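Trainee: One structure, pasted below without further comment.
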Amino acid sequence: MPHLTPYRRLFRLPGARAFTAGNLIARLPMGMFSVSAVVMIAGTRGSYALAGAVTATGLAATAVVAPWTARLVDRHGQARVALPATVIAVLGSLSLLLCVRHDAPDWTLFASYAATATTPNTGGMARARWAHLLAGDPKGLHTAHSFEQAADEVCFMLGPVLAAFLCGTFFPEAGTLVGAVLLLTGMLLFTTRRATEPPVRERIPAKAPLRTPGMPPLLAVCLAMGGIFGSTEVVTLAFADRQGHQSAAGAVLALQAAGSCAAGLLYGTAKPTGPAAARLPWCVAAMAALLTLPLLAASLTGSLLCVAGALLVAGMATAPTMVTTMTLVQQRTPEGRLNEGMTLAVTGLLGGIAGGGALGGWTVEHAPATAGYGIPVTAAALALVLSLVLSPGSASKRFTDCWTPH
């Protein structure tokens, strides 16, 4: 099929299939751990508040530790740093499992889950390998970024479903246990593929990615977009619960990820012709416009089925926006510090997810769940304003001039 040609070309590169397989196995648990921890802790301790506090602590620890881990990866190589860091994270997961199972004090849960913050940014390391393999090939790199974004969506679509199935079918700790095994196995497969690993630079540039011109406003965009994702998840869970269909909330959210995955794969077959900074405002504007659909569906119909369809369509703007954002992150990151730059973007997203989730939770507690869908729209509007700061005047360009089909 002609539209698959860019992806066929991508995976003809020596070693591409091997490192991608390992990376996908290691990445799947990223969508499992949080759900598994909540189910495991709430199921045994009877407290969703404790479960939420433990996972929030892990998120905060990740925001602090992840950029430092990524800096070590850039300085010493993926294999030398990522595998030991993964071992520490896996031990943290197993410690959490044992502490929950044997009724250890609550503080041990916080300490154990905080140890999982050493988990390397697997998606960032994969993107760094593509950047190394496709140096001087912007069209191929665009396809690679699109594939990686689609892979992210698949993992975060399947991960929670797999975690819920394992915890519900076998025992509460099953999701955490299987996730730890998958993470370690995938990282072993990924890091042993040394032929595609980016070479370590003897001298790392002194300027940190955070201090690079254009990077702070870009990270602010990531923060706002994280707010979209975090608030949408919490508001959808609350809306489904008030409709009496709490068990269907996961499937509804999976539809949003499915829409993003499909759009990401299609976007990878397009050839961008304008600078990424000029495309980003248009992508974010499309996201803001489409996010009004769930708000309208919830307000006008009150039907979970209609909201699910609206989220499927709204999700189609996510992947193109994230691909363009990651392209800008790569362009603005000093050579030799790409893992750190990518991880800073992920940290911004995580911070936004935490803030958006908290704001969404507060809103649905004090107002109708339908009103909560206004938060993602507001966050998208904020992201649009911030994206315009990246490239003043770019809004005057025509969106259709920014890309053409292959």
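Quick note on naming: the chains in the structure tokens go A, B, ... in the order shown, residues restart at 1 in each chain, and ligands are numbered from 1 in order of appearance.
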Write out as JSON, numbers by chain the residues lying within 10 Å of Glu148 in chain A, counting only C-alpha atoms and excluding same-chain residues fewer than 6 positions away.

Mentor: {"A": [20, 24, 123, 124, 126, 127, 130, 142, 154, 261, 264, 265, 268, 319, 323]}

Trainee: Now that the selection is made, can you save its residues with N, CA, C and O atoms as a PDB file, in the first residue's frame?

Mentor:
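Below you can see selection-v3.pdb, which holds the result:
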ATOM      1  N   THR A  20      13.287  -1.497  18.181  1.00  0.00           N
ATOM      2  CA  THR A  20      11.898  -1.085  18.351  1.00  0.00           C
ATOM      3  C   THR A  20      11.108  -2.126  19.130  1.00  0.00           C
ATOM      4  O   THR A  20      10.294  -1.779  19.998  1.00  0.00           O
ATOM      5  N   LEU A  24       9.267  -1.251  22.656  1.00  0.00           N
ATOM      6  CA  LEU A  24       7.821  -1.331  22.834  1.00  0.00           C
ATOM      7  C   LEU A  24       7.454  -2.203  24.036  1.00  0.00           C
ATOM      8  O   LEU A  24       6.514  -1.897  24.774  1.00  0.00           O
ATOM      9  N   GLY A 123      10.725   6.147  25.451  1.00  0.00           N
ATOM     10  CA  GLY A 123      10.369   6.796  24.195  1.00  0.00           C
ATOM     11  C   GLY A 123      11.430   7.781  23.735  1.00  0.00           C
ATOM     12  O   GLY A 123      11.747   7.878  22.558  1.00  0.00           O
ATOM     13  N   GLY A 124      12.003   8.527  24.692  1.00  0.00           N
ATOM     14  CA  GLY A 124      13.066   9.474  24.347  1.00  0.00           C
ATOM     15  C   GLY A 124      14.303   8.778  23.817  1.00  0.00           C
ATOM     16  O   GLY A 124      14.948   9.263  22.873  1.00  0.00           O
ATOM     17  N   ALA A 126      14.374   5.900  22.236  1.00  0.00           N
ATOM     18  CA  ALA A 126      14.068   5.430  20.881  1.00  0.00           C
ATOM     19  C   ALA A 126      14.167   6.577  19.878  1.00  0.00           C
ATOM     20  O   ALA A 126      14.731   6.418  18.783  1.00  0.00           O
ATOM     21  N   ARG A 127      13.648   7.740  20.244  1.00  0.00           N
ATOM     22  CA  ARG A 127      13.710   8.894  19.339  1.00  0.00           C
ATOM     23  C   ARG A 127      15.166   9.324  19.117  1.00  0.00           C
ATOM     24  O   ARG A 127      15.527   9.778  18.029  1.00  0.00           O
ATOM     25  N   TRP A 130      16.554   7.038  16.479  1.00  0.00           N
ATOM     26  CA  TRP A 130      16.104   7.432  15.147  1.00  0.00           C
ATOM     27  C   TRP A 130      16.863   8.671  14.662  1.00  0.00           C
ATOM     28  O   TRP A 130      17.241   8.754  13.484  1.00  0.00           O
ATOM     29  N   HIS A 142      10.671  12.677  10.413  1.00  0.00           N
ATOM     30  CA  HIS A 142       9.268  13.021  10.660  1.00  0.00           C
ATOM     31  C   HIS A 142       8.423  11.751  10.753  1.00  0.00           C
ATOM     32  O   HIS A 142       7.574  11.621  11.649  1.00  0.00           O
ATOM     33  N   VAL A 154      -0.642   3.694  21.643  1.00  0.00           N
ATOM     34  CA  VAL A 154      -1.014   2.285  21.762  1.00  0.00           C
ATOM     35  C   VAL A 154      -0.692   1.762  23.159  1.00  0.00           C
ATOM     36  O   VAL A 154      -1.500   1.063  23.786  1.00  0.00           O
ATOM     37  N   CYS A 261      -3.716   7.652  17.718  1.00  0.00           N
ATOM     38  CA  CYS A 261      -2.830   6.679  17.078  1.00  0.00           C
ATOM     39  C   CYS A 261      -3.034   6.659  15.570  1.00  0.00           C
ATOM     40  O   CYS A 261      -2.059   6.698  14.800  1.00  0.00           O
ATOM     41  N   GLY A 264      -1.724   9.810  14.054  1.00  0.00           N
ATOM     42  CA  GLY A 264      -0.261   9.834  14.070  1.00  0.00           C
ATOM     43  C   GLY A 264       0.337   9.049  12.925  1.00  0.00           C
ATOM     44  O   GLY A 264       1.285   9.495  12.270  1.00  0.00           O
ATOM     45  N   LEU A 265      -0.203   7.858  12.665  1.00  0.00           N
ATOM     46  CA  LEU A 265       0.308   7.040  11.561  1.00  0.00           C
ATOM     47  C   LEU A 265       0.059   7.723  10.219  1.00  0.00           C
ATOM     48  O   LEU A 265       0.911   7.697   9.321  1.00  0.00           O
ATOM     49  N   GLY A 268       2.410  10.618   9.676  1.00  0.00           N
ATOM     50  CA  GLY A 268       3.765  10.201   9.308  1.00  0.00           C
ATOM     51  C   GLY A 268       3.965  10.019   7.823  1.00  0.00           C
ATOM     52  O   GLY A 268       5.109   9.976   7.343  1.00  0.00           O
ATOM     53  N   ALA A 319      -1.810  13.478  18.203  1.00  0.00           N
ATOM     54  CA  ALA A 319      -0.538  12.985  17.669  1.00  0.00           C
ATOM     55  C   ALA A 319       0.175  14.011  16.776  1.00  0.00           C
ATOM     56  O   ALA A 319       1.376  14.245  16.957  1.00  0.00           O
ATOM     57  N   VAL A 323       3.876  15.258  17.710  1.00  0.00           N
ATOM     58  CA  VAL A 323       4.980  15.029  16.771  1.00  0.00           C
ATOM     59  C   VAL A 323       5.687  16.346  16.460  1.00  0.00           C
ATOM     60  O   VAL A 323       6.923  16.437  16.462  1.00  0.00           O
TER      61      VAL A 323
END

Trainee: Write out as a JSON list (two decimals) with N, CA, C and O atoms, in the first residue's frame the residues lying within 12 Å of Ser303 in chain A, counting only C-alpha atoms and excluding same-chain residues fewer than 4 positions away.

Mentor:
[["chain", "number", "residue", "atom", "x", "y", "z"],
["A", 236, "THR", "N", -13.68, 12.55, 32.41],
["A", 236, "THR", "CA", -14.38, 11.44, 31.74],
["A", 236, "THR", "C", -14.73, 10.34, 32.73],
["A", 236, "THR", "O", -15.82, 9.75, 32.67],
["A", 239, "PHE", "N", -17.69, 11.67, 34.66],
["A", 239, "PHE", "CA", -18.89, 11.72, 33.82],
["A", 239, "PHE", "C", -19.48, 10.32, 33.65],
["A", 239, "PHE", "O", -20.70, 10.12, 33.77],
["A", 240, "ALA", "N", -18.61, 9.34, 33.37],
["A", 240, "ALA", "CA", -19.09, 7.97, 33.20],
["A", 240, "ALA", "C", -19.69, 7.44, 34.50],
["A", 240, "ALA", "O", -20.72, 6.74, 34.48],
["A", 242, "ARG", "N", -21.17, 9.15, 36.90],
["A", 242, "ARG", "CA", -22.47, 9.78, 37.14],
["A", 242, "ARG", "C", -23.55, 9.31, 36.16],
["A", 242, "ARG", "O", -24.73, 9.45, 36.43],
["A", 243, "GLN", "N", -23.10, 8.75, 35.05],
["A", 243, "GLN", "CA", -24.05, 8.16, 34.10],
["A", 243, "GLN", "C", -24.35, 6.71, 34.44],
["A", 243, "GLN", "O", -25.14, 6.05, 33.75],
["A", 244, "GLY", "N", -23.66, 6.20, 35.47],
["A", 244, "GLY", "CA", -23.87, 4.81, 35.87],
["A", 244, "GLY", "C", -23.10, 3.81, 35.03],
["A", 244, "GLY", "O", -23.43, 2.62, 34.99],
["A", 245, "HIS", "N", -22.05, 4.26, 34.35],
["A", 245, "HIS", "CA", -21.26, 3.37, 33.49],
["A", 245, "HIS", "C", -19.77, 3.51, 33.80],
["A", 245, "HIS", "O", -18.94, 3.66, 32.89],
["A", 252, "VAL", "N", -13.86, 4.28, 26.89],
["A", 252, "VAL", "CA", -14.10, 5.61, 26.31],
["A", 252, "VAL", "C", -12.78, 6.36, 26.13],
["A", 252, "VAL", "O", -12.51, 6.95, 25.07],
["A", 294, "PRO", "N", -16.32, 17.16, 22.82],
["A", 294, "PRO", "CA", -16.78, 16.47, 24.04],
["A", 294, "PRO", "C", -17.60, 17.39, 24.95],
["A", 294, "PRO", "O", -18.57, 16.93, 25.58],
["A", 295, "LEU", "N", -17.21, 18.66, 25.04],
["A", 295, "LEU", "CA", -17.96, 19.61, 25.86],
["A", 295, "LEU", "C", -19.39, 19.75, 25.34],
["A", 295, "LEU", "O", -20.35, 19.71, 26.13],
["A", 296, "LEU", "N", -19.53, 19.89, 24.04],
["A", 296, "LEU", "CA", -20.86, 20.01, 23.45],
["A", 296, "LEU", "C", -21.66, 18.72, 23.60],
["A", 296, "LEU", "O", -22.86, 18.75, 23.91],
["A", 297, "ALA", "N", -20.98, 17.59, 23.38],
["A", 297, "ALA", "CA", -21.68, 16.30, 23.48],
["A", 297, "ALA", "C", -22.19, 16.06, 24.89],
["A", 297, "ALA", "O", -23.32, 15.59, 25.09],
["A", 298, "ALA", "N", -21.36, 16.38, 25.89],
["A", 298, "ALA", "CA", -21.78, 16.18, 27.28],
["A", 298, "ALA", "C", -22.88, 17.15, 27.67],
["A", 298, "ALA", "O", -23.84, 16.77, 28.36],
["A", 299, "SER", "N", -22.76, 18.40, 27.23],
["A", 299, "SER", "CA", -23.73, 19.43, 27.64],
["A", 299, "SER", "C", -25.07, 19.26, 26.94],
["A", 299, "SER", "O", -26.13, 19.43, 27.56],
["A", 307, "VAL", "N", -20.27, 11.25, 23.89],
["A", 307, "VAL", "CA", -19.00, 11.76, 24.39],
["A", 307, "VAL", "C", -17.85, 10.88, 23.89],
["A", 307, "VAL", "O", -16.79, 11.38, 23.51],
["A", 308, "ALA", "N", -18.06, 9.56, 23.86],
["A", 308, "ALA", "CA", -17.03, 8.65, 23.37],
["A", 308, "ALA", "C", -16.69, 8.95, 21.91],
["A", 308, "ALA", "O", -15.52, 8.99, 21.52],
["A", 309, "GLY", "N", -17.73, 9.16, 21.09],
["A", 309, "GLY", "CA", -17.48, 9.50, 19.69],
["A", 309, "GLY", "C", -16.77, 10.82, 19.54],
["A", 309, "GLY", "O", -15.87, 10.97, 18.68],
["A", 310, "ALA", "N", -17.14, 11.79, 20.38],
["A", 310, "ALA", "CA", -16.49, 13.10, 20.33],
["A", 310, "ALA", "C", -15.02, 13.01, 20.74],
["A", 310, "ALA", "O", -14.16, 13.66, 20.15],
["A", 370, "THR", "N", -20.27, 17.72, 33.35],
["A", 370, "THR", "CA", -20.21, 18.29, 32.00],
["A", 370, "THR", "C", -19.37, 19.55, 31.97],
["A", 370, "THR", "O", -18.68, 19.82, 30.98]]

Trainee: Counting only C-alpha atoms, what is within 12 Å of Met40 in chain A, bar same-chain residues fewer than 6 positions away, as a PyMOL selection string?

Mentor: chain A and resi 32-34+46-48+50-52+54-55+93+96-101+103+109+163-164+166-168+170-177

Trainee: Got time to write the residues from that selection, N, CA, C and O atoms, as a compact mmCIF listing (two decimals), in the first residue's frame?

Mentor:
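Generated output (part10.txt):
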# COMPACT_ATOMS: atom_id res chain seq x y z
N MET A 32 0.73 0.87 32.57
CA MET A 32 0.22 -0.12 33.51
C MET A 32 0.46 0.25 34.97
O MET A 32 -0.38 -0.02 35.83
N PHE A 33 1.62 0.84 35.27
CA PHE A 33 2.05 0.97 36.65
C PHE A 33 1.09 1.79 37.52
O PHE A 33 0.77 1.41 38.64
N SER A 34 0.64 2.93 37.02
CA SER A 34 -0.21 3.79 37.83
C SER A 34 -1.53 3.11 38.15
O SER A 34 -1.96 3.08 39.32
N GLY A 46 -8.04 -0.29 51.20
CA GLY A 46 -9.37 0.30 51.24
C GLY A 46 -9.37 1.81 51.18
O GLY A 46 -10.31 2.45 51.66
N SER A 47 -8.36 2.41 50.57
CA SER A 47 -8.27 3.87 50.54
C SER A 47 -7.79 4.35 49.18
O SER A 47 -6.61 4.16 48.82
N TYR A 48 -8.69 4.99 48.43
CA TYR A 48 -8.28 5.59 47.17
C TYR A 48 -7.44 6.84 47.43
O TYR A 48 -6.60 7.22 46.60
N LEU A 50 -5.16 7.20 49.78
CA LEU A 50 -3.78 6.73 49.96
C LEU A 50 -3.18 6.33 48.62
O LEU A 50 -2.04 6.68 48.31
N ALA A 51 -3.95 5.61 47.81
CA ALA A 51 -3.46 5.18 46.50
C ALA A 51 -3.11 6.38 45.62
O ALA A 51 -2.06 6.41 44.96
N GLY A 52 -3.99 7.39 45.63
CA GLY A 52 -3.72 8.59 44.84
C GLY A 52 -2.51 9.35 45.33
O GLY A 52 -1.71 9.86 44.53
N VAL A 54 0.10 8.10 46.90
CA VAL A 54 1.32 7.34 46.57
C VAL A 54 1.70 7.55 45.10
O VAL A 54 2.87 7.82 44.78
N THR A 55 0.73 7.45 44.19
CA THR A 55 1.04 7.63 42.77
C THR A 55 1.45 9.07 42.47
O THR A 55 2.31 9.32 41.62
N SER A 93 9.31 -1.32 42.33
CA SER A 93 7.98 -1.89 42.09
C SER A 93 7.76 -3.15 42.91
O SER A 93 6.69 -3.36 43.49
N LEU A 96 7.22 -2.24 46.49
CA LEU A 96 5.84 -1.77 46.70
C LEU A 96 4.89 -2.96 46.82
O LEU A 96 4.03 -3.00 47.70
N LEU A 97 5.06 -3.91 45.93
CA LEU A 97 4.21 -5.10 45.93
C LEU A 97 4.29 -5.84 47.27
O LEU A 97 3.27 -6.20 47.87
N LEU A 98 5.52 -6.05 47.76
CA LEU A 98 5.71 -6.78 49.01
C LEU A 98 5.19 -5.99 50.21
O LEU A 98 4.62 -6.56 51.14
N CYS A 99 5.41 -4.67 50.19
CA CYS A 99 4.93 -3.84 51.29
C CYS A 99 3.41 -3.84 51.38
O CYS A 99 2.83 -3.87 52.48
N VAL A 100 2.75 -3.80 50.22
CA VAL A 100 1.29 -3.84 50.21
C VAL A 100 0.80 -5.21 50.68
O VAL A 100 -0.12 -5.32 51.51
N ARG A 101 1.43 -6.24 50.17
CA ARG A 101 0.98 -7.61 50.47
C ARG A 101 1.16 -7.97 51.95
O ARG A 101 0.35 -8.70 52.53
N ASP A 103 1.28 -5.78 54.48
CA ASP A 103 0.70 -4.76 55.35
C ASP A 103 1.76 -3.92 56.06
O ASP A 103 1.66 -3.65 57.26
N LEU A 109 5.20 2.50 51.36
CA LEU A 109 4.60 2.55 50.03
C LEU A 109 5.11 3.77 49.26
O LEU A 109 5.45 3.69 48.08
N ALA A 163 -3.57 -3.89 32.69
CA ALA A 163 -3.39 -3.83 34.15
C ALA A 163 -4.69 -4.18 34.87
O ALA A 163 -4.69 -4.97 35.83
N ALA A 164 -5.80 -3.60 34.43
CA ALA A 164 -7.09 -3.87 35.07
C ALA A 164 -7.47 -5.34 34.93
O ALA A 164 -8.00 -5.96 35.87
N LEU A 166 -5.39 -7.98 34.55
CA LEU A 166 -4.52 -8.80 35.39
C LEU A 166 -4.90 -8.71 36.86
O LEU A 166 -4.98 -9.72 37.57
N CYS A 167 -5.11 -7.47 37.33
CA CYS A 167 -5.44 -7.28 38.74
C CYS A 167 -6.80 -7.87 39.09
O CYS A 167 -7.00 -8.38 40.20
N GLY A 168 -7.74 -7.79 38.16
CA GLY A 168 -9.08 -8.29 38.43
C GLY A 168 -9.22 -9.79 38.24
O GLY A 168 -10.03 -10.43 38.93
N PHE A 170 -6.57 -12.21 38.28
CA PHE A 170 -5.67 -13.05 39.05
C PHE A 170 -5.59 -12.60 40.52
O PHE A 170 -6.29 -13.10 41.37
N PHE A 171 -4.76 -11.62 40.82
CA PHE A 171 -4.65 -11.10 42.19
C PHE A 171 -4.25 -9.65 42.09
O PHE A 171 -3.72 -9.20 41.06
N PRO A 172 -4.50 -8.84 43.14
CA PRO A 172 -4.29 -7.39 43.03
C PRO A 172 -2.87 -6.97 42.64
O PRO A 172 -2.69 -5.91 42.05
N GLU A 173 -1.88 -7.79 42.97
CA GLU A 173 -0.50 -7.43 42.68
C GLU A 173 -0.05 -7.86 41.28
O GLU A 173 1.08 -7.57 40.87
N ALA A 174 -0.92 -8.54 40.52
CA ALA A 174 -0.53 -9.12 39.23
C ALA A 174 -0.10 -8.06 38.22
O ALA A 174 0.87 -8.24 37.48
N GLY A 175 -0.79 -6.94 38.18
CA GLY A 175 -0.45 -5.89 37.22
C GLY A 175 0.93 -5.33 37.46
O GLY A 175 1.71 -5.14 36.52
N THR A 176 1.26 -5.05 38.71
CA THR A 176 2.58 -4.53 39.06
C THR A 176 3.67 -5.54 38.74
O THR A 176 4.73 -5.19 38.19
N LEU A 177 3.42 -6.81 39.06
CA LEU A 177 4.42 -7.87 38.83
C LEU A 177 4.70 -8.05 37.34
O LEU A 177 5.86 -8.07 36.92

Trainee: Please identify all polymer residues within 10 Å of Thr321 in chain A, counting only C-alpha atoms, omitting same-chain residues fewer than 2 positions from it, and present them as an mmCIF file with N, CA, C and O atoms, in the first residue's frame.

Mentor:
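Below is the file result.cif, written as the result:
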data_model
loop_
_atom_site.group_PDB
_atom_site.id
_atom_site.type_symbol
_atom_site.label_atom_id
_atom_site.label_comp_id
_atom_site.auth_asym_id
_atom_site.auth_seq_id
_atom_site.Cartn_x
_atom_site.Cartn_y
_atom_site.Cartn_z
ATOM 1 N N GLN A 149 5.048 8.430 18.302
ATOM 2 C CA GLN A 149 3.879 8.985 18.965
ATOM 3 C C GLN A 149 2.715 8.009 18.920
ATOM 4 O O GLN A 149 1.987 7.836 19.903
ATOM 5 N N MET A 225 -0.408 21.280 27.554
ATOM 6 C CA MET A 225 -0.974 20.103 26.897
ATOM 7 C C MET A 225 -1.149 18.956 27.888
ATOM 8 O O MET A 225 -2.108 18.181 27.798
ATOM 9 N N SER A 260 -5.921 9.290 18.236
ATOM 10 C CA SER A 260 -4.591 9.881 18.136
ATOM 11 C C SER A 260 -3.628 8.952 17.424
ATOM 12 O O SER A 260 -2.817 9.390 16.602
ATOM 13 N N GLY A 264 -1.724 9.810 14.054
ATOM 14 C CA GLY A 264 -0.261 9.834 14.070
ATOM 15 C C GLY A 264 0.337 9.049 12.925
ATOM 16 O O GLY A 264 1.285 9.495 12.270
ATOM 17 N N ARG A 279 4.091 25.383 12.152
ATOM 18 C CA ARG A 279 3.018 24.387 12.152
ATOM 19 C C ARG A 279 2.381 24.213 13.522
ATOM 20 O O ARG A 279 1.200 23.877 13.631
ATOM 21 N N LEU A 280 3.178 24.402 14.585
ATOM 22 C CA LEU A 280 2.680 24.097 15.926
ATOM 23 C C LEU A 280 1.410 24.867 16.291
ATOM 24 O O LEU A 280 0.450 24.264 16.805
ATOM 25 N N PRO A 281 1.329 26.196 16.079
ATOM 26 C CA PRO A 281 0.080 26.894 16.448
ATOM 27 C C PRO A 281 -1.144 26.342 15.741
ATOM 28 O O PRO A 281 -2.227 26.281 16.326
ATOM 29 N N TRP A 282 -0.983 25.936 14.487
ATOM 30 C CA TRP A 282 -2.124 25.391 13.762
ATOM 31 C C TRP A 282 -2.548 24.036 14.330
ATOM 32 O O TRP A 282 -3.741 23.734 14.415
ATOM 33 N N CYS A 283 -1.580 23.222 14.707
ATOM 34 C CA CYS A 283 -1.897 21.931 15.324
ATOM 35 C C CYS A 283 -2.626 22.129 16.655
ATOM 36 O O CYS A 283 -3.621 21.464 16.945
ATOM 37 N N VAL A 284 -2.121 23.065 17.467
ATOM 38 C CA VAL A 284 -2.742 23.320 18.762
ATOM 39 C C VAL A 284 -4.128 23.933 18.575
ATOM 40 O O VAL A 284 -5.072 23.621 19.322
ATOM 41 N N ALA A 285 -4.273 24.794 17.572
ATOM 42 C CA ALA A 285 -5.589 25.379 17.295
ATOM 43 C C ALA A 285 -6.598 24.303 16.911
ATOM 44 O O ALA A 285 -7.765 24.342 17.336
ATOM 45 N N ALA A 286 -6.149 23.327 16.109
ATOM 46 C CA ALA A 286 -7.033 22.221 15.740
ATOM 47 C C ALA A 286 -7.420 21.411 16.978
ATOM 48 O O ALA A 286 -8.575 20.993 17.133
ATOM 49 N N MET A 287 -6.457 21.211 17.885
ATOM 50 C CA MET A 287 -6.752 20.487 19.116
ATOM 51 C C MET A 287 -7.786 21.235 19.945
ATOM 52 O O MET A 287 -8.745 20.633 20.469
ATOM 53 N N MET A 316 -7.788 12.924 17.437
ATOM 54 C CA MET A 316 -7.059 12.933 16.174
ATOM 55 C C MET A 316 -6.104 14.115 16.039
ATOM 56 O O MET A 316 -5.218 14.107 15.189
ATOM 57 N N ALA A 317 -6.287 15.126 16.869
ATOM 58 C CA ALA A 317 -5.374 16.272 16.819
ATOM 59 C C ALA A 317 -4.174 16.083 17.731
ATOM 60 O O ALA A 317 -3.201 16.833 17.631
ATOM 61 N N THR A 318 -4.217 15.082 18.605
ATOM 62 C CA THR A 318 -3.161 14.931 19.602
ATOM 63 C C THR A 318 -1.825 14.554 18.989
ATOM 64 O O THR A 318 -0.804 15.210 19.237
ATOM 65 N N ALA A 319 -1.810 13.478 18.203
ATOM 66 C CA ALA A 319 -0.538 12.985 17.669
ATOM 67 C C ALA A 319 0.175 14.011 16.776
ATOM 68 O O ALA A 319 1.376 14.245 16.957
ATOM 69 N N VAL A 323 3.876 15.258 17.710
ATOM 70 C CA VAL A 323 4.980 15.029 16.771
ATOM 71 C C VAL A 323 5.687 16.346 16.460
ATOM 72 O O VAL A 323 6.923 16.437 16.462
ATOM 73 N N THR A 324 4.904 17.379 16.200
ATOM 74 C CA THR A 324 5.478 18.692 15.907
ATOM 75 C C THR A 324 6.227 19.244 17.109
ATOM 76 O O THR A 324 7.307 19.833 16.986
ATOM 77 N N THR A 325 5.670 19.037 18.300
ATOM 78 C CA THR A 325 6.324 19.504 19.524
ATOM 79 C C THR A 325 7.662 18.814 19.724
ATOM 80 O O THR A 325 8.677 19.460 20.028
ATOM 81 N N MET A 326 7.697 17.488 19.556
ATOM 82 C CA MET A 326 8.944 16.745 19.743
ATOM 83 C C MET A 326 9.975 17.097 18.679
ATOM 84 O O MET A 326 11.186 17.077 18.927
ATOM 85 N N THR A 327 9.508 17.429 17.485
ATOM 86 C CA THR A 327 10.431 17.892 16.448
ATOM 87 C C THR A 327 11.100 19.193 16.876
ATOM 88 O O THR A 327 12.312 19.378 16.720
#

Trainee: What lies within 10 Å of Leu291 in chain A using only C-alpha atoms, ignoring chain neighbours under 5 positions off, as a list of chain:residue names?

Mentor: A:Ile228, A:Thr232, A:Ala285, A:Ala286, A:Leu296, A:Ala310, A:Leu311, A:Val313, A:Ala314, A:Gly315, A:Ala317, A:Tyr373, A:Gly374, A:Ile375, A:Pro376, A:Val377, A:Thr378, A:Ala380

Trainee: Quick one: residues within 9 Å of Glu340 in chain A, only C-alpha atoms counted, chain neighbours fewer than 5 positions away excluded, as an MDAnalysis selection string?

Mentor: chainID A and resid 66:74 124 208:209 333 345

Trainee: Taking into account only C-alpha atoms, which residue in the set A:Ala16, A:Ala79, A:Leu350, A:Ala258 is nearest to Cys222 in chain A?

Mentor: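 Among A:Ala16, A:Ala79, A:Leu350, A:Ala258, it is A:Leu350 that comes nearest to Cys222 in chain A.
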
Trainee: Quick one: distance from CA of Ile353 in chain A to CA of Gly179 in chain A in Å, one decimal?

Mentor: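 If I compute the distance from CA of Ile353 in chain A to CA of Gly179 in chain A, I get 21.4 Å.
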
Trainee: I want to know what sits within 10 Å of Pro199 in chain A, based on only C-alpha atoms, with residues of the same chain fewer than 6 positions away left out; could you give that as a list in words?

Mentor: Asp74, Arg75, His76, Gly77, Gln78, Arg129, His132 and Gly336 of chain A

Trainee: With N, CA, C and O atoms kept, could you save the residues just selected as a PDB file, in the first residue's frame?

Mentor:
ATOM      1  N   ASP A  74      22.837  10.535  28.231  1.00  0.00           N
ATOM      2  CA  ASP A  74      23.556  11.278  27.187  1.00  0.00           C
ATOM      3  C   ASP A  74      25.063  11.246  27.421  1.00  0.00           C
ATOM      4  O   ASP A  74      25.847  11.177  26.463  1.00  0.00           O
ATOM      5  N   ARG A  75      25.468  11.297  28.674  1.00  0.00           N
ATOM      6  CA  ARG A  75      26.894  11.411  28.990  1.00  0.00           C
ATOM      7  C   ARG A  75      27.619  10.071  28.915  1.00  0.00           C
ATOM      8  O   ARG A  75      28.781  10.014  28.491  1.00  0.00           O
ATOM      9  N   HIS A  76      26.938   8.987  29.312  1.00  0.00           N
ATOM     10  CA  HIS A  76      27.620   7.702  29.421  1.00  0.00           C
ATOM     11  C   HIS A  76      27.068   6.616  28.501  1.00  0.00           C
ATOM     12  O   HIS A  76      27.649   5.527  28.438  1.00  0.00           O
ATOM     13  N   GLY A  77      25.966   6.873  27.818  1.00  0.00           N
ATOM     14  CA  GLY A  77      25.420   5.883  26.892  1.00  0.00           C
ATOM     15  C   GLY A  77      24.184   5.198  27.442  1.00  0.00           C
ATOM     16  O   GLY A  77      24.002   5.074  28.654  1.00  0.00           O
ATOM     17  N   GLN A  78      23.327   4.758  26.524  1.00  0.00           N
ATOM     18  CA  GLN A  78      22.054   4.153  26.922  1.00  0.00           C
ATOM     19  C   GLN A  78      22.256   2.850  27.688  1.00  0.00           C
ATOM     20  O   GLN A  78      21.646   2.635  28.737  1.00  0.00           O
ATOM     21  N   ARG A 129      17.692   7.295  19.018  1.00  0.00           N
ATOM     22  CA  ARG A 129      18.258   6.334  18.057  1.00  0.00           C
ATOM     23  C   ARG A 129      17.822   6.670  16.635  1.00  0.00           C
ATOM     24  O   ARG A 129      18.624   6.589  15.695  1.00  0.00           O
ATOM     25  N   HIS A 132      19.834   9.483  15.366  1.00  0.00           N
ATOM     26  CA  HIS A 132      21.180   9.038  14.984  1.00  0.00           C
ATOM     27  C   HIS A 132      21.148   8.322  13.635  1.00  0.00           C
ATOM     28  O   HIS A 132      21.986   8.595  12.755  1.00  0.00           O
ATOM     29  N   GLY A 336      24.075  16.156  21.482  1.00  0.00           N
ATOM     30  CA  GLY A 336      24.655  15.357  22.545  1.00  0.00           C
ATOM     31  C   GLY A 336      23.826  15.336  23.820  1.00  0.00           C
ATOM     32  O   GLY A 336      24.160  14.618  24.759  1.00  0.00           O
TER      33      GLY A 336
END

Trainee: Can you tell me how far CA of Pro105 in chain A sits from CA of Ala61 in chain A, in Å to one decimal?

Mentor: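 Spanning CA of Pro105 in chain A to CA of Ala61 in chain A is a straight-line distance of 19.8 Å.
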
Trainee: If you run DSSP on the backbone here, which positions in range 169-372 of chain A get alpha helix (DSSP H)? Please write them as a PyMOL selection string.

Mentor: chain A and resi 169+174-191+215-242+249-267+276-290+292-300+304-314+318-332+338-366+369-372

Trainee: Using only C-alpha atoms for the distances, tell me which of A:Ala18, A:Ala49, A:Leu59, A:Leu266 is nearest to Thr5 in chain A.

Mentor: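 Looking only at the distances to Thr5 in chain A, the closest residue turns out to be A:Leu266.
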